[in-house]
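*Asks:* There's a structure below that I have some questions on.
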Amino acid sequence: MLRGESARLRPPGALKDLLDEQRFLASCIKCGQCVQVCPVEAIKLADLGDGFGIGTPFIEAREQACDFSCDGLQCVLACPTGALTHEINYPAESRMGFARLSRPDACLAVRGKGFAGVARGAGFAGKLRFEAVDRWNPIPLGDHPFDLELCDLCVRLC
């Protein structure tokens, strides 16, 4: 890995390419304000064992995804330095990741099938906010079963 390159998923608004990642690392003062305002506690600060970029914010999406349910991207608004760019106003502008279907033959939506049950299993610790349940308080994903005529969980949950 090149100096300044990140294998980590950064919070919304973080600059993306190699030059931007270097600017992000130079701009971030490791204050943790983005961590404090994240309603689903998706943002973590890199620790000593995480290697390069100690103290910088990142998201481990497989453990706890950013659900973009907060109003006005609170992490961006909380950032005092612009390491999370204040030029974005809506979640769709953040470009945090790119989903790719690796096994189309296993995709329920491609096969025209629905989904009923708990996504990720009942023991999954991740939380999300669901407007139909409680707009303001995240609940464990395992506490919210789905009953979908046509599966679109990847769109709903990513």
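Identifiers in the structure tokens: chain A, B, ... in order shown; residue index from 1 per chain; ligand index from 1 in order shown.
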Using only C-alpha atoms, which residues sit within 7 Å of A:Val40 once same-chain residues fewer than 3 positions away are excluded, as a list in words?
*Replies:*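 With the cut-off at 7 Å, the set is Lys127, Leu128 and Pro138 of chain A.
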*Asks:* Which neighbours of A:Cys38 fall inside 12 Å, counting only C-alpha atoms, when residues of the same chain fewer than 3 positions from it are skipped, and could you give them as JSON, numbers by chain?
*Replies:* {"A": [11, 12, 32, 33, 34, 35, 41, 42, 43, 44, 57, 58, 59, 64, 65, 66, 67, 68, 69, 70, 71, 72, 73, 74, 75, 76, 77, 78, 79, 127, 128, 129, 136, 137, 138]}
*Asks:* Please save N, CA, C and O atoms of the selected residues as a short mmCIF file (atom, residue, chain, number, x, y, z; two decimals), in the first residue's frame.
*Replies:*
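Wrote it out as out.cif, contents follow:
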data_model
loop_
_atom_site.label_atom_id
_atom_site.label_comp_id
_atom_site.auth_asym_id
_atom_site.auth_seq_id
_atom_site.Cartn_x
_atom_site.Cartn_y
_atom_site.Cartn_z
N PRO A 11 -15.87 8.12 6.59
CA PRO A 11 -17.23 8.64 6.76
C PRO A 11 -17.68 9.44 5.53
O PRO A 11 -16.86 9.83 4.69
N PRO A 12 -18.98 9.71 5.44
CA PRO A 12 -19.49 10.51 4.32
C PRO A 12 -18.76 11.84 4.21
O PRO A 12 -18.43 12.45 5.23
N GLY A 32 -12.65 13.38 16.90
CA GLY A 32 -13.69 12.42 17.26
C GLY A 32 -15.09 12.99 17.27
O GLY A 32 -16.03 12.29 17.68
N GLN A 33 -15.27 14.21 16.81
CA GLN A 33 -16.62 14.78 16.83
C GLN A 33 -17.56 14.03 15.89
O GLN A 33 -18.75 13.88 16.19
N CYS A 34 -17.04 13.51 14.79
CA CYS A 34 -17.88 12.73 13.87
C CYS A 34 -18.36 11.45 14.54
O CYS A 34 -19.50 11.01 14.35
N VAL A 35 -17.52 10.87 15.38
CA VAL A 35 -17.87 9.65 16.12
C VAL A 35 -18.99 9.95 17.11
O VAL A 35 -19.96 9.20 17.23
N GLU A 41 -23.61 4.77 15.55
CA GLU A 41 -22.27 4.44 16.04
C GLU A 41 -21.46 3.66 15.01
O GLU A 41 -20.75 2.72 15.32
N ALA A 42 -21.58 4.09 13.75
CA ALA A 42 -20.86 3.42 12.67
C ALA A 42 -19.41 3.89 12.56
O ALA A 42 -18.55 3.15 12.12
N ILE A 43 -19.13 5.10 12.98
CA ILE A 43 -17.79 5.67 12.81
C ILE A 43 -16.93 5.32 14.02
O ILE A 43 -17.32 5.50 15.17
N LYS A 44 -15.75 4.81 13.73
CA LYS A 44 -14.77 4.45 14.76
C LYS A 44 -13.50 5.26 14.49
O LYS A 44 -13.28 5.75 13.39
N PRO A 57 -11.02 8.74 11.57
CA PRO A 57 -12.29 8.03 11.53
C PRO A 57 -12.40 7.08 10.34
O PRO A 57 -11.88 7.36 9.27
N PHE A 58 -13.08 5.95 10.59
CA PHE A 58 -13.36 4.99 9.52
C PHE A 58 -14.62 4.23 9.87
O PHE A 58 -15.12 4.30 11.00
N ILE A 59 -15.16 3.54 8.89
CA ILE A 59 -16.37 2.73 9.08
C ILE A 59 -16.07 1.31 8.66
O ILE A 59 -15.55 1.08 7.57
N GLN A 64 -21.00 -2.46 11.27
CA GLN A 64 -22.03 -1.45 11.48
C GLN A 64 -21.95 -0.44 10.34
O GLN A 64 -21.02 0.32 10.25
N ALA A 65 -22.94 -0.48 9.50
CA ALA A 65 -22.96 0.41 8.33
C ALA A 65 -23.48 1.78 8.69
O ALA A 65 -24.27 1.94 9.61
N CYS A 66 -23.05 2.77 7.93
CA CYS A 66 -23.65 4.09 7.97
C CYS A 66 -25.01 3.93 7.29
O CYS A 66 -25.08 3.46 6.16
N ASP A 67 -26.08 4.29 8.00
CA ASP A 67 -27.40 4.08 7.39
C ASP A 67 -27.97 5.34 6.75
O ASP A 67 -29.06 5.32 6.23
N PHE A 68 -27.23 6.42 6.77
CA PHE A 68 -27.64 7.68 6.14
C PHE A 68 -28.99 8.17 6.63
O PHE A 68 -29.67 8.91 5.94
N SER A 69 -29.42 7.73 7.80
CA SER A 69 -30.72 8.15 8.29
C SER A 69 -30.65 9.46 9.07
O SER A 69 -31.68 10.02 9.40
N CYS A 70 -29.46 9.92 9.35
CA CYS A 70 -29.36 11.16 10.10
C CYS A 70 -29.71 12.34 9.19
O CYS A 70 -29.52 12.30 7.98
N ASP A 71 -30.24 13.36 9.78
CA ASP A 71 -30.62 14.53 9.00
C ASP A 71 -29.40 15.41 8.78
O ASP A 71 -28.70 15.76 9.72
N GLY A 72 -29.14 15.76 7.55
CA GLY A 72 -28.07 16.69 7.24
C GLY A 72 -26.67 16.15 7.39
O GLY A 72 -25.74 16.93 7.50
N LEU A 73 -26.49 14.85 7.39
CA LEU A 73 -25.16 14.24 7.54
C LEU A 73 -24.42 14.86 8.73
O LEU A 73 -23.51 15.65 8.59
N GLN A 74 -24.83 14.47 9.91
CA GLN A 74 -24.31 15.07 11.14
C GLN A 74 -22.80 14.99 11.26
O GLN A 74 -22.18 15.90 11.78
N CYS A 75 -22.18 13.91 10.77
CA CYS A 75 -20.72 13.80 10.87
C CYS A 75 -20.04 14.90 10.05
O CYS A 75 -19.04 15.47 10.49
N VAL A 76 -20.59 15.19 8.89
CA VAL A 76 -20.02 16.25 8.05
C VAL A 76 -20.18 17.60 8.75
O VAL A 76 -19.24 18.40 8.80
N LEU A 77 -21.35 17.84 9.29
CA LEU A 77 -21.60 19.11 9.98
C LEU A 77 -20.73 19.27 11.22
O LEU A 77 -20.35 20.38 11.58
N ALA A 78 -20.39 18.16 11.88
CA ALA A 78 -19.59 18.21 13.10
C ALA A 78 -18.10 18.41 12.84
O ALA A 78 -17.37 18.83 13.72
N CYS A 79 -17.65 18.12 11.63
CA CYS A 79 -16.22 18.20 11.32
C CYS A 79 -15.76 19.65 11.28
O CYS A 79 -16.19 20.42 10.42
N LYS A 127 -26.89 -2.05 14.03
CA LYS A 127 -28.13 -1.33 14.28
C LYS A 127 -28.46 -0.44 13.10
O LYS A 127 -27.56 0.05 12.42
N LEU A 128 -29.75 -0.22 12.89
CA LEU A 128 -30.21 0.74 11.89
C LEU A 128 -31.43 1.45 12.44
O LEU A 128 -32.10 0.96 13.34
N ARG A 129 -31.73 2.59 11.85
CA ARG A 129 -32.96 3.30 12.20
C ARG A 129 -33.97 3.02 11.10
O ARG A 129 -33.66 3.13 9.92
N TRP A 136 -36.00 7.91 15.25
CA TRP A 136 -34.88 8.54 15.94
C TRP A 136 -33.96 7.59 16.68
O TRP A 136 -32.83 7.95 17.00
N ASN A 137 -34.42 6.39 16.97
CA ASN A 137 -33.59 5.47 17.76
C ASN A 137 -33.26 4.22 16.96
O ASN A 137 -34.16 3.52 16.51
N PRO A 138 -31.98 3.93 16.81
CA PRO A 138 -31.61 2.71 16.08
C PRO A 138 -31.97 1.46 16.88
O PRO A 138 -31.94 1.47 18.10
#
*Asks:* From a DSSP calculation on the backbone, collect every residue of chain A in helix (DSSP H, G or I) and output the set as a ChimeraX atom specification.
*Replies:* /A:18-27,33-37,48-50,74-78,91-93,104-106,141-143,153-157
*Asks:* Kindly indicate which residue among A:Asp143, A:Gly49, A:Ala83, A:Val110 lies nearest to A:Asp20, using only C-alpha atoms for the distances.
*Replies:*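 Checking each candidate against A:Asp20, we get A:Ala83 as the closest.
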*Asks:* Of the candidates A:Ala106, A:Leu148, A:Cys28, A:Leu9, which one gets nearest to A:Ala61 if we count only C-alpha atoms?
*Replies:*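 Ranking A:Ala106, A:Leu148, A:Cys28, A:Leu9 by distance to A:Ala61, first place goes to A:Leu9.
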*Asks:* Take atom CA of A:Leu25 and atom CA of A:Thr56 and report the distance between them in Å, one decimal.
*Replies:* 7.4 Å
*Asks:* Find the residue from A:Arg23, A:Phe52, A:Leu84, A:Arg135 that sits nearest to A:Met96; use only C-alpha atoms when measuring.
*Replies:*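 Result for the nearest residue to A:Met96: A:Leu84.
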